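What follows is run.txt (compact mmCIF, C-alpha atoms).
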# COMPACT_ATOMS: atom_id res chain seq x y z
CA MET G 5 0.00 0.00 0.00
CA SER G 6 2.78 2.42 0.87
CA GLY G 7 4.30 1.83 -2.57
CA LEU G 8 1.04 2.75 -4.24
CA ILE G 9 0.82 5.91 -2.13
CA GLU G 10 4.36 6.90 -3.09
CA LEU G 11 3.58 6.21 -6.73
CA TRP G 12 0.43 8.35 -6.51
CA GLN G 13 2.31 11.18 -4.81
CA SER G 14 4.92 11.14 -7.61
CA THR G 15 2.34 11.81 -10.30
CA GLY G 16 1.71 15.21 -11.82
CA ILE G 17 -2.00 14.96 -10.99
CA TYR G 18 -1.22 14.82 -7.27
CA ALA G 19 1.44 17.54 -7.24
CA VAL G 20 0.05 20.07 -9.71
CA SER G 21 -1.02 23.43 -8.32
CA LEU G 22 -3.60 25.89 -9.60
CA GLY G 23 -0.81 28.31 -10.48
CA GLN G 24 0.97 25.68 -12.56
CA LEU G 25 -2.25 24.83 -14.39
CA THR G 26 -2.76 28.53 -15.08
CA MET G 27 0.72 28.95 -16.53
CA ILE G 28 0.36 25.78 -18.61
CA ALA G 29 -2.82 27.35 -19.99
CA VAL G 30 -0.84 30.53 -20.75
CA GLY G 31 1.71 28.40 -22.60
CA VAL G 32 -1.08 26.76 -24.61
CA LEU G 33 -2.47 30.23 -25.41
CA LEU G 34 0.93 31.31 -26.74
CA LEU G 35 1.07 28.18 -28.89
CA PHE G 36 -2.42 28.98 -30.21
CA LEU G 37 -1.41 32.55 -31.10
CA ALA G 38 1.73 31.27 -32.83
CA ILE G 39 0.18 28.36 -34.75
CA LYS G 40 -3.37 29.50 -35.44
CA LYS G 41 -2.95 33.28 -35.63
CA GLY G 42 0.63 33.42 -36.90
CA PHE G 43 1.69 35.96 -34.23
CA GLU G 44 5.53 35.91 -34.04
CA PRO G 45 5.53 32.09 -34.30
CA LEU G 46 9.32 31.82 -34.37
CA LEU G 47 9.44 33.01 -30.76
CA LEU G 48 5.99 32.54 -29.28
CA LEU G 49 6.03 28.81 -30.09
CA PRO G 50 9.26 27.98 -28.18
CA ILE G 51 8.33 30.44 -25.40
CA GLY G 52 4.91 28.81 -25.00
CA PHE G 53 6.38 25.32 -25.03
CA GLY G 54 9.05 26.38 -22.55
CA ALA G 55 6.31 27.73 -20.25
CA ILE G 56 4.55 24.35 -20.36
CA LEU G 57 7.77 22.43 -19.66
CA SER G 58 8.79 24.67 -16.76
CA ASN G 59 5.42 24.22 -15.01
CA ILE G 60 5.22 20.42 -15.16
CA PRO G 61 5.12 19.50 -11.45
CA GLN G 62 8.11 17.64 -10.02
CA ALA G 63 9.88 17.52 -13.40
CA GLY G 64 12.37 20.23 -12.43
CA ILE G 65 13.12 21.06 -16.05
CA ALA G 66 13.67 24.74 -15.25
CA ASP G 67 15.23 24.14 -11.82
CA PRO G 68 18.99 23.86 -11.17
CA GLY G 69 20.10 20.70 -12.95
CA GLY G 70 17.36 20.88 -15.58
CA ILE G 71 18.03 21.55 -19.25
CA LEU G 72 16.08 24.83 -19.38
CA TYR G 73 18.01 26.08 -16.36
CA TYR G 74 21.33 25.53 -18.14
CA ILE G 75 20.06 27.01 -21.41
CA TYR G 76 19.06 30.14 -19.48
CA GLN G 77 22.35 30.37 -17.62
CA VAL G 78 24.46 29.90 -20.75
CA GLY G 79 22.52 32.10 -23.14
CA ILE G 80 20.40 34.63 -21.26
CA SER G 81 22.17 35.43 -17.99
CA THR G 82 25.38 35.99 -19.96
CA GLY G 83 23.57 38.07 -22.60
CA VAL G 84 24.94 35.89 -25.43
CA PHE G 85 21.65 34.91 -27.10
CA PRO G 86 20.32 38.46 -27.64
CA LEU G 87 23.68 39.52 -29.07
CA LEU G 88 23.73 36.61 -31.53
CA ILE G 89 20.17 37.48 -32.53
CA PHE G 90 21.31 41.06 -33.18
CA MET G 91 24.09 39.77 -35.42
CA GLY G 92 21.54 37.81 -37.42
CA VAL G 93 19.18 40.77 -37.64
CA GLY G 94 22.08 42.91 -38.88
CA ALA G 95 22.82 40.36 -41.57
CA LEU G 96 19.16 40.44 -42.62
CA THR G 97 18.87 44.25 -42.64
CA ASP G 98 19.26 46.57 -45.61
CA PHE G 99 20.22 50.09 -44.51
CA SER G 100 19.67 51.54 -47.98
CA ALA G 101 16.35 53.21 -47.13
CA LEU G 102 17.88 54.98 -44.12
CA ILE G 103 21.02 55.99 -46.01
CA ALA G 104 18.98 57.32 -48.95
CA ASN G 105 16.75 59.38 -46.65
CA PRO G 106 18.67 60.04 -43.40
CA LYS G 107 15.93 62.40 -42.15
CA THR G 108 13.94 59.29 -41.20
CA LEU G 109 16.45 58.79 -38.37
CA TYR G 110 14.44 61.40 -36.45
CA LEU G 111 11.33 59.23 -36.76
CA GLY G 112 13.15 56.26 -35.26
CA ALA G 113 14.42 58.46 -32.44
CA ALA G 114 10.98 59.93 -31.74
CA ALA G 115 9.42 56.47 -31.42
CA GLN G 116 11.77 55.77 -28.49
CA PHE G 117 9.92 58.39 -26.43
CA GLY G 118 7.65 55.57 -25.26
CA ILE G 119 10.62 54.01 -23.47
CA PHE G 120 11.36 57.00 -21.27
CA ALA G 121 7.67 57.78 -20.66
CA THR G 122 7.21 54.20 -19.44
CA LEU G 123 10.19 54.53 -17.11
CA ILE G 124 8.30 57.25 -15.27
CA GLY G 125 5.10 55.19 -15.41
CA ALA G 126 6.77 52.16 -13.84
CA LEU G 127 8.11 54.23 -10.95
CA SER G 128 4.68 55.82 -10.52
CA LEU G 129 3.12 52.38 -9.97
CA ASN G 130 5.02 52.19 -6.67
CA PHE G 131 2.36 54.49 -5.20
CA ILE G 132 -0.11 51.59 -5.61
CA PRO G 133 0.05 48.92 -2.87
CA GLY G 134 1.61 45.70 -4.14
CA PHE G 135 4.10 47.32 -6.49
CA ASP G 136 7.75 47.75 -5.58
CA PHE G 137 9.75 48.49 -8.72
CA THR G 138 13.32 49.66 -8.29
CA LEU G 139 14.91 52.08 -10.76
CA LYS G 140 16.60 49.10 -12.44
CA ASP G 141 13.26 47.28 -12.69
CA ALA G 142 11.61 50.36 -14.19
CA ALA G 143 14.40 50.77 -16.75
CA ALA G 144 14.10 47.12 -17.82
CA ILE G 145 10.30 47.42 -18.13
CA ALA G 146 10.54 50.68 -20.07
CA ILE G 147 12.53 49.11 -22.92
CA ILE G 148 9.36 47.22 -23.95
CA GLY G 149 8.31 50.49 -25.59
CA GLY G 150 10.96 49.97 -28.24
CA ALA G 151 9.19 46.79 -29.46
CA ASP G 152 12.57 45.08 -29.73
CA GLY G 153 12.56 41.63 -28.14
CA PRO G 154 16.32 40.91 -28.09
CA THR G 155 17.07 44.35 -26.65
CA ALA G 156 14.38 43.89 -23.98
CA ILE G 157 15.83 40.50 -23.02
CA PHE G 158 19.40 41.84 -23.00
CA LEU G 159 18.55 44.76 -20.73
CA ALA G 160 16.28 42.73 -18.44
CA SER G 161 19.00 40.08 -17.98
CA LYS G 162 21.37 42.84 -16.85
CA LEU G 163 19.03 44.93 -14.70
CA ALA G 164 16.04 42.81 -13.60
CA PRO G 165 16.49 39.06 -14.25
CA ASP G 166 13.56 38.22 -11.97
CA LEU G 167 11.23 40.13 -14.29
CA LEU G 168 12.67 38.68 -17.49
CA GLY G 169 9.76 36.34 -18.22
CA ALA G 170 7.09 39.02 -17.96
CA ILE G 171 9.16 41.58 -19.89
CA ALA G 172 9.99 39.15 -22.70
CA VAL G 173 6.41 37.94 -23.07
CA ALA G 174 5.14 41.53 -23.08
CA ALA G 175 7.74 42.64 -25.64
CA TYR G 176 7.13 39.80 -28.06
CA SER G 177 3.37 39.80 -27.55
CA TYR G 178 3.07 43.47 -28.49
CA MET G 179 5.45 42.96 -31.41
CA ALA G 180 3.10 40.23 -32.61
CA LEU G 181 0.09 42.50 -32.15
CA VAL G 182 1.53 45.33 -34.28
CA PRO G 183 -1.14 44.81 -37.00
CA LEU G 184 -3.87 45.24 -34.38
CA ILE G 185 -2.44 47.98 -32.16
CA GLN G 186 -0.87 50.39 -34.64
CA PRO G 187 -3.56 51.09 -37.30
CA PRO G 188 -6.12 52.70 -34.93
CA ILE G 189 -3.43 54.99 -33.48
CA MET G 190 -2.16 55.89 -36.95
CA LYS G 191 -5.64 56.72 -38.24
CA LEU G 192 -6.54 58.67 -35.11
CA LEU G 193 -3.52 60.98 -35.42
CA THR G 194 -3.54 61.53 -39.19
CA THR G 195 -6.02 62.83 -41.76
CA GLU G 196 -7.11 61.01 -44.89
CA LYS G 197 -5.18 63.56 -46.95
CA GLU G 198 -1.98 62.98 -44.98
CA ARG G 199 -2.28 59.20 -45.29
CA ALA G 200 -2.64 59.53 -49.07
CA ILE G 201 0.63 61.45 -49.53
CA THR G 202 2.86 59.80 -52.13
CA MET G 203 6.58 59.98 -51.40
CA GLN G 204 9.28 60.33 -54.06
CA GLN G 205 11.27 57.29 -55.10
CA LEU G 206 14.44 56.80 -53.05
CA ARG G 207 17.81 57.29 -54.70
CA THR G 208 20.11 54.36 -55.41
CA VAL G 209 22.61 53.77 -52.62
CA SER G 210 26.14 52.73 -53.63
CA LYS G 211 27.91 49.67 -52.26
CA THR G 212 30.58 51.90 -50.72
CA GLU G 213 27.93 53.75 -48.71
CA ARG G 214 26.41 50.47 -47.51
CA ILE G 215 29.82 49.19 -46.38
CA LEU G 216 30.80 52.42 -44.64
CA PHE G 217 27.51 52.84 -42.77
CA PRO G 218 27.94 50.04 -40.17
CA LEU G 219 31.57 51.09 -39.63
CA VAL G 220 30.63 54.74 -39.04
CA LEU G 221 27.73 53.69 -36.80
CA LEU G 222 30.00 51.53 -34.66
CA ALA G 223 32.61 54.30 -34.43
CA LEU G 224 30.01 56.79 -33.21
CA CYS G 225 28.72 54.28 -30.68
CA ALA G 226 32.23 53.59 -29.38
CA LEU G 227 32.93 57.31 -29.01
CA PHE G 228 29.69 58.47 -27.41
CA LEU G 229 27.88 55.48 -25.87
CA PRO G 230 30.15 52.48 -25.22
CA THR G 231 27.48 50.75 -23.11
CA ALA G 232 25.45 50.18 -26.31
CA ALA G 233 28.49 48.72 -28.11
CA PRO G 234 27.59 45.04 -27.49
CA LEU G 235 24.24 45.37 -29.27
CA ILE G 236 25.30 47.90 -31.91
CA GLY G 237 28.57 46.07 -32.50
CA MET G 238 26.99 42.69 -33.23
CA PHE G 239 24.33 44.39 -35.35
CA CYS G 240 27.02 46.15 -37.40
CA LEU G 241 29.07 42.96 -37.73
CA GLY G 242 26.13 41.12 -39.23
CA ASN G 243 25.39 43.99 -41.61
CA LEU G 244 29.02 44.34 -42.69
CA MET G 245 29.16 40.63 -43.52
CA ARG G 246 26.06 41.12 -45.66
CA GLU G 247 27.19 44.24 -47.50
CA SER G 248 30.88 43.42 -48.00
CA GLY G 249 30.02 40.59 -50.38
CA VAL G 250 33.19 38.67 -49.53
CA VAL G 251 31.88 36.38 -46.76
CA ASP G 252 28.63 35.10 -48.19
CA ARG G 253 28.93 31.82 -46.26
CA LEU G 254 29.22 33.68 -42.96
CA SER G 255 26.44 36.09 -43.87
CA ASN G 256 24.14 33.23 -44.86
CA ALA G 257 24.96 31.37 -41.65
CA ALA G 258 24.13 34.46 -39.56
CA GLN G 259 20.87 34.93 -41.48
CA ASN G 260 19.80 31.30 -41.26
CA GLU G 261 21.46 28.56 -39.20
CA ILE G 262 22.81 30.70 -36.35
CA ILE G 263 19.81 32.95 -35.81
CA ASN G 264 17.37 30.03 -36.16
CA THR G 265 19.24 27.85 -33.67
CA VAL G 266 19.62 30.68 -31.16
CA THR G 267 15.95 31.59 -31.55
CA ILE G 268 14.90 28.10 -30.44
CA PHE G 269 17.05 28.19 -27.32
CA LEU G 270 16.23 31.83 -26.55
CA GLY G 271 12.50 31.08 -26.67
CA LEU G 272 12.87 28.05 -24.40
CA ALA G 273 15.03 30.03 -21.96
CA VAL G 274 12.44 32.82 -21.77
CA GLY G 275 9.71 30.22 -21.27
CA SER G 276 11.66 28.78 -18.34
CA LYS G 277 11.06 32.06 -16.52
CA LEU G 278 7.27 31.69 -16.78
CA LYS G 279 7.06 29.56 -13.67
CA ALA G 280 3.88 30.05 -11.68
CA GLU G 281 5.55 31.17 -8.47
CA THR G 282 7.41 34.02 -10.16
CA PHE G 283 5.05 35.00 -12.97
CA LEU G 284 1.63 35.09 -11.31
CA THR G 285 2.07 38.33 -9.39
CA ILE G 286 0.48 41.77 -9.45
CA GLU G 287 3.78 43.16 -10.73
CA THR G 288 3.45 40.99 -13.86
CA LEU G 289 0.05 42.49 -14.58
CA GLY G 290 1.58 45.94 -14.17
CA ILE G 291 4.35 45.07 -16.63
CA LEU G 292 1.86 43.84 -19.24
CA LEU G 293 -0.19 47.02 -18.85
CA LEU G 294 2.87 49.27 -19.02
CA GLY G 295 4.06 47.39 -22.09
CA ALA G 296 0.85 48.19 -23.95
CA ILE G 297 1.07 51.84 -22.93
CA ALA G 298 4.76 52.02 -23.89
CA PHE G 299 4.15 50.56 -27.33
CA SER G 300 1.21 52.88 -27.95
CA ILE G 301 3.19 55.95 -26.89
CA GLY G 302 6.10 54.90 -29.12
CA THR G 303 3.79 54.53 -32.12
CA ALA G 304 2.03 57.83 -31.41
CA SER G 305 5.24 59.81 -30.92
CA GLY G 306 6.62 58.47 -34.20
CA VAL G 307 3.47 59.47 -36.09
CA LEU G 308 3.45 62.92 -34.49
CA MET G 309 7.08 63.46 -35.49
CA GLY G 310 6.05 62.36 -38.97
CA LYS G 311 3.33 65.01 -39.03
CA LEU G 312 5.86 67.66 -37.98
CA MET G 313 8.30 66.58 -40.67
CA CYS G 314 5.46 66.56 -43.20
CA LYS G 315 4.79 70.23 -42.48
CA LEU G 316 8.47 71.17 -42.48
CA THR G 317 9.02 69.49 -45.86
CA ASN G 318 5.83 70.89 -47.44
CA GLY G 319 4.13 67.52 -47.62
CA GLN G 320 7.03 65.42 -48.91
CA ILE G 321 6.86 62.94 -46.02
CA ASN G 322 3.85 60.76 -45.28
CA PRO G 323 3.32 60.87 -41.48
CA LEU G 324 2.37 57.19 -41.46
CA ILE G 325 5.99 56.11 -41.82
CA GLY G 326 6.65 57.50 -38.33
CA ALA G 327 4.77 54.50 -36.91
CA ALA G 328 7.55 52.28 -38.29
CA GLY G 329 9.97 53.98 -35.88
CA VAL G 330 9.39 51.13 -33.42
CA SER G 331 11.78 48.23 -33.83
CA ALA G 332 9.35 45.56 -35.06
CA VAL G 333 11.17 44.87 -38.34
CA PRO G 334 9.71 44.46 -40.92
CA MET G 335 6.18 44.04 -39.58
CA ALA G 336 5.72 47.73 -38.68
CA SER G 337 6.77 48.71 -42.23
CA ARG G 338 4.23 46.31 -43.70
CA VAL G 339 1.49 47.77 -41.52
CA VAL G 340 2.42 51.30 -42.66
CA ASN G 341 2.27 50.17 -46.28
CA LYS G 342 -1.12 48.53 -45.75
CA VAL G 343 -2.67 51.59 -44.10
CA GLY G 344 -1.22 53.85 -46.80
CA LEU G 345 -2.72 51.70 -49.57
CA GLU G 346 -6.15 51.96 -47.94
CA SER G 347 -6.08 55.74 -48.50
CA ASN G 348 -4.30 55.67 -51.86
CA PRO G 349 -4.14 52.43 -53.90
CA HIS G 350 -1.05 53.76 -55.71
CA ASN G 351 0.82 54.68 -52.52
CA PHE G 352 3.59 52.17 -51.77
CA LEU G 353 5.32 53.16 -48.53
CA LEU G 354 7.13 49.91 -47.68
CA MET G 355 10.65 51.00 -48.64
CA HIS G 356 10.15 54.48 -47.19
CA ALA G 357 8.98 52.95 -43.89
CA MET G 358 12.05 50.73 -43.71
CA GLY G 359 14.16 53.84 -43.04
CA PRO G 360 12.56 54.68 -39.67
CA ASN G 361 12.09 50.96 -38.98
CA VAL G 362 15.85 50.34 -39.17
CA ALA G 363 16.46 53.58 -37.27
CA GLY G 364 14.16 52.22 -34.57
CA VAL G 365 16.37 49.16 -34.12
CA ILE G 366 19.36 51.44 -33.67
CA GLY G 367 17.35 53.77 -31.43
CA SER G 368 16.20 51.00 -29.07
CA ALA G 369 19.79 49.74 -28.73
CA VAL G 370 20.96 53.29 -27.99
CA ALA G 371 18.16 53.73 -25.43
CA ALA G 372 19.20 50.45 -23.78
CA GLY G 373 22.78 51.70 -23.65
CA ILE G 374 21.69 54.95 -22.04
CA LEU G 375 19.61 53.15 -19.41
CA LEU G 376 22.45 50.72 -18.73
CA ALA G 377 24.90 53.61 -18.33
CA LEU G 378 22.56 55.49 -15.96
CA VAL G 379 21.28 52.72 -13.70
CA GLY G 380 23.34 49.59 -14.54

As structure tokens, please, write out the structure in this file.
Amino acid sequence: MSGLIELWQSTGIYAVSLGQLTMIAVGVLLLFLAIKKGFEPLLLLPIGFGAILSNIPQAGIADPGGILYYIYQVGISTGVFPLLIFMGVGALTDFSALIANPKTLYLGAAAQFGIFATLIGALSLNFIPGFDFTLKDAAAIAIIGGADGPTAIFLASKLAPDLLGAIAVAAYSYMALVPLIQPPIMKLLTTEKERAITMQQLRTVSKTERILFPLVLLALCALFLPTAAPLIGMFCLGNLMRESGVVDRLSNAAQNEIINTVTIFLGLAVGSKLKAETFLTIETLGILLLGAIAFSIGTASGVLMGKLMCKLTNGQINPLIGAAGVSAVPMASRVVNKVGLESNPHNFLLMHAMGPNVAGVIGSAVAAGILLALVG
């Protein structure tokens, strides 16, 4: 009889808690969004599966000694995975749109306003009972406004590792919801006439310019903001491999095998932090709420800067491209193009939106460097 009791007590049915069941349900929801809805499947699928694995009672998969624990320690706590992702993103990115129209850099910078507004918002939540965010916590939460998952994970791993799960889920969830969140904000802040503005075709960018750009960008980062050098440096390395044309094998590896492999492990590592005892707190709800506000502010500030630039250039810039100033590449650009086509069927804004979109990636890395320098 005692053997049967021990066997019963070793089962998941006996040991499972309500919190674990809740987080397993959250993991299933993430899988549903990834598989059925197609929302950021490359990351939401491994994150959701990692959440399920880490909440299986008595399995200890995310505890010291478990595989998810070691994946997290090797790749996330060291900051290696986000940096490798940035290298891959750099190898996938074409800077031509930004080089051809450097004014769009202002749009990428304006969209980062959501980050610093959310920093204040996170600290303000401390006036509500149940919240106790430190300055480091608030800085890590604020980076969600940049809609850049790897940057959010990198900064959270440095400043607030205990909040990593909530921050990562919020960042990638809102990135996935770009097609739902951005259009209402864009339409609210612009007129039909502004949305129908047709922009002039971009000039052809030479190979020399494309090669020099990542080198100049890295030099400026090294001179003025060394704390952002890990992210900017790996991003520039990936882009230089792409544009140089002499290391196609390395560039292809960064664009495919490396970034795909790292994405699997990064998603599982983030999922390992969705354990019931650490995720189901009032602070997590606050992070999810602040993430939505941050992303909305970032979108709105980019559009408003676009409206200002439209007036200053006598209508040469469509304000919609300001919404692409967040770092969700290339989804934000596609959304801008879609909304523009609704107002003018002959208005193709995709390449124009890629300028602020790429600038947003740089801007979020710079913002992370600033926060790391101030509070790290």

Of the listed residues G:Ala113, G:Ala258, G:Leu284, G:Ala304, that which approaches G:Ser331 most closely, counting all atoms listed in the file:
G:Ala113

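Using only C-alpha atoms, the protein and nucleic acid residues lying no more than 9 Å from G:Gly271, apart from those fewer than 2 places from it along its own chain, are Leu46, Leu47, Leu48, Leu49, Pro50, Ile51, Gly52, Phe53, Gly54, Val266, Thr267, Ile268, Phe269, Ala273, Val274, Gly275 and Ser276 of chain G.
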
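Considering the residues G:Val339, G:Leu72, G:Ile148, G:Ala180 and counting only C-alpha atoms, G:Gly326 has its shortest atom-to-atom contact with G:Val339.
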
Point out the residue among G:Leu353, G:Ala29, G:Ile157, G:Leu168 with the least atom-to-atom distance to G:Lys277, counting only C-alpha atoms.
G:Leu168

Nearest residue to G:Ala332 out of G:Ser305, G:Thr202, G:Ser177, G:Asn264, using only C-alpha atoms?
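Checking each of G:Ser305, G:Thr202, G:Ser177, G:Asn264 against G:Ala332, counting only C-alpha atoms, the winner is G:Ser177.
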
For the atom pair atom CA of G:Asn243 and atom CA of G:Phe99, what is the interatomic distance in Å to one decimal place?
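Atom-to-atom, atom CA of G:Asn243 to atom CA of G:Phe99, that is 8.5 Å.
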
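Rounded to one decimal, atom CA of G:Thr212 and atom CA of G:His356 lie 20.9 Å from each other.
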
For stretch 104-223 of chain G versus stretch 235-238 of chain G, which residues have an atom no more than 10 Å away, and what is each residue's nearest atom pair and distance in Å rounded to one decimal, using all atoms listed in the file, chain-then-number order, as CSV?
residue,atom,partner,partner_atom,distance
G:Pro154,CA,G:Leu235,CA,9.2
G:Thr155,CA,G:Leu235,CA,7.7
G:Phe158,CA,G:Leu235,CA,8.7
G:Pro218,CA,G:Gly237,CA,8.7
G:Leu219,CA,G:Gly237,CA,9.2
G:Leu221,CA,G:Ile236,CA,8.0
G:Leu222,CA,G:Gly237,CA,6.0
G:Ala223,CA,G:Gly237,CA,9.4

Using the selection just defined, write its residues with C-alpha atoms as a compact mmCIF listing (two decimals), in the coordinates of the input.
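Written out: part-v4.txt:
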# COMPACT_ATOMS: atom_id res chain seq x y z
CA PRO G 154 16.32 40.91 -28.09
CA THR G 155 17.07 44.35 -26.65
CA PHE G 158 19.40 41.84 -23.00
CA PRO G 218 27.94 50.04 -40.17
CA LEU G 219 31.57 51.09 -39.63
CA LEU G 221 27.73 53.69 -36.80
CA LEU G 222 30.00 51.53 -34.66
CA ALA G 223 32.61 54.30 -34.43

Have a look at G:Ile56, G:Val370, G:Leu308, G:Leu37 and name the one nearest to G:Glu198; count all atoms listed in the file.
G:Leu308

Pick the closest to G:Glu247 from G:Gly42, G:Gly364, G:Gly290, G:Gly94: which is it, counting only C-alpha atoms?
G:Gly94

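The spacing separating atom CA of G:Val182 from atom CA of G:Gly373 amounts to 24.6 Å.
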
Report as a short mmCIF file (atom, residue, chain, number, x, y, z; two decimals) with C-alpha atoms, in the coordinates of the input all protein, DNA and RNA residues lying within 10 Å of G:Ala170, evaluated on only C-alpha atoms, omitting residues in the same chain fewer than 4 positions from it.
data_model
loop_
_atom_site.label_atom_id
_atom_site.label_comp_id
_atom_site.auth_asym_id
_atom_site.auth_seq_id
_atom_site.Cartn_x
_atom_site.Cartn_y
_atom_site.Cartn_z
CA ILE G 145 10.30 47.42 -18.13
CA ALA G 160 16.28 42.73 -18.44
CA ASP G 166 13.56 38.22 -11.97
CA ALA G 174 5.14 41.53 -23.08
CA ALA G 175 7.74 42.64 -25.64
CA VAL G 274 12.44 32.82 -21.77
CA GLY G 275 9.71 30.22 -21.27
CA LYS G 277 11.06 32.06 -16.52
CA LEU G 278 7.27 31.69 -16.78
CA THR G 282 7.41 34.02 -10.16
CA PHE G 283 5.05 35.00 -12.97
CA LEU G 284 1.63 35.09 -11.31
CA THR G 285 2.07 38.33 -9.39
CA GLU G 287 3.78 43.16 -10.73
CA THR G 288 3.45 40.99 -13.86
CA LEU G 289 0.05 42.49 -14.58
CA GLY G 290 1.58 45.94 -14.17
CA ILE G 291 4.35 45.07 -16.63
CA LEU G 292 1.86 43.84 -19.24
CA GLY G 295 4.06 47.39 -22.09
#

Around all listed atoms of stretch 349-367 of chain G, padded 5 Å per side, what centre and edge lengths does the axis-aligned box have in Å to one decimal, as AutoDock Vina command-line options?
--center_x 7.6 --center_y 51.9 --center_z -43.6 --size_x 33.5 --size_y 15.5 --size_z 34.3

Give me, as a PDB file with C-alpha atoms, in the frame of the given file, all polymer residues having an atom no more than 12 Å from G:Ala126, counting all atoms listed in the file and skipping those fewer than 5 positions away in the same chain.
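To be explicit, this is the file written out as out_8.pdb:
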ATOM      1  CA  GLY G 118       7.650  55.570 -25.260  1.00  0.00           C
ATOM      2  CA  ILE G 119      10.620  54.010 -23.470  1.00  0.00           C
ATOM      3  CA  PHE G 120      11.360  57.000 -21.270  1.00  0.00           C
ATOM      4  CA  ALA G 121       7.670  57.780 -20.660  1.00  0.00           C
ATOM      5  CA  PHE G 131       2.360  54.490  -5.200  1.00  0.00           C
ATOM      6  CA  ILE G 132      -0.110  51.590  -5.610  1.00  0.00           C
ATOM      7  CA  PHE G 135       4.100  47.320  -6.490  1.00  0.00           C
ATOM      8  CA  ASP G 136       7.750  47.750  -5.580  1.00  0.00           C
ATOM      9  CA  PHE G 137       9.750  48.490  -8.720  1.00  0.00           C
ATOM     10  CA  THR G 138      13.320  49.660  -8.290  1.00  0.00           C
ATOM     11  CA  LEU G 139      14.910  52.080 -10.760  1.00  0.00           C
ATOM     12  CA  LYS G 140      16.600  49.100 -12.440  1.00  0.00           C
ATOM     13  CA  ASP G 141      13.260  47.280 -12.690  1.00  0.00           C
ATOM     14  CA  ALA G 142      11.610  50.360 -14.190  1.00  0.00           C
ATOM     15  CA  ALA G 143      14.400  50.770 -16.750  1.00  0.00           C
ATOM     16  CA  ALA G 144      14.100  47.120 -17.820  1.00  0.00           C
ATOM     17  CA  ILE G 145      10.300  47.420 -18.130  1.00  0.00           C
ATOM     18  CA  ALA G 146      10.540  50.680 -20.070  1.00  0.00           C
ATOM     19  CA  ILE G 147      12.530  49.110 -22.920  1.00  0.00           C
ATOM     20  CA  ILE G 148       9.360  47.220 -23.950  1.00  0.00           C
ATOM     21  CA  GLY G 149       8.310  50.490 -25.590  1.00  0.00           C
ATOM     22  CA  GLU G 287       3.780  43.160 -10.730  1.00  0.00           C
ATOM     23  CA  THR G 288       3.450  40.990 -13.860  1.00  0.00           C
ATOM     24  CA  LEU G 289       0.050  42.490 -14.580  1.00  0.00           C
ATOM     25  CA  GLY G 290       1.580  45.940 -14.170  1.00  0.00           C
ATOM     26  CA  ILE G 291       4.350  45.070 -16.630  1.00  0.00           C
ATOM     27  CA  LEU G 292       1.860  43.840 -19.240  1.00  0.00           C
ATOM     28  CA  LEU G 293      -0.190  47.020 -18.850  1.00  0.00           C
ATOM     29  CA  LEU G 294       2.870  49.270 -19.020  1.00  0.00           C
ATOM     30  CA  GLY G 295       4.060  47.390 -22.090  1.00  0.00           C
ATOM     31  CA  ILE G 297       1.070  51.840 -22.930  1.00  0.00           C
ATOM     32  CA  ALA G 298       4.760  52.020 -23.890  1.00  0.00           C
TER      33      ALA G 298
END
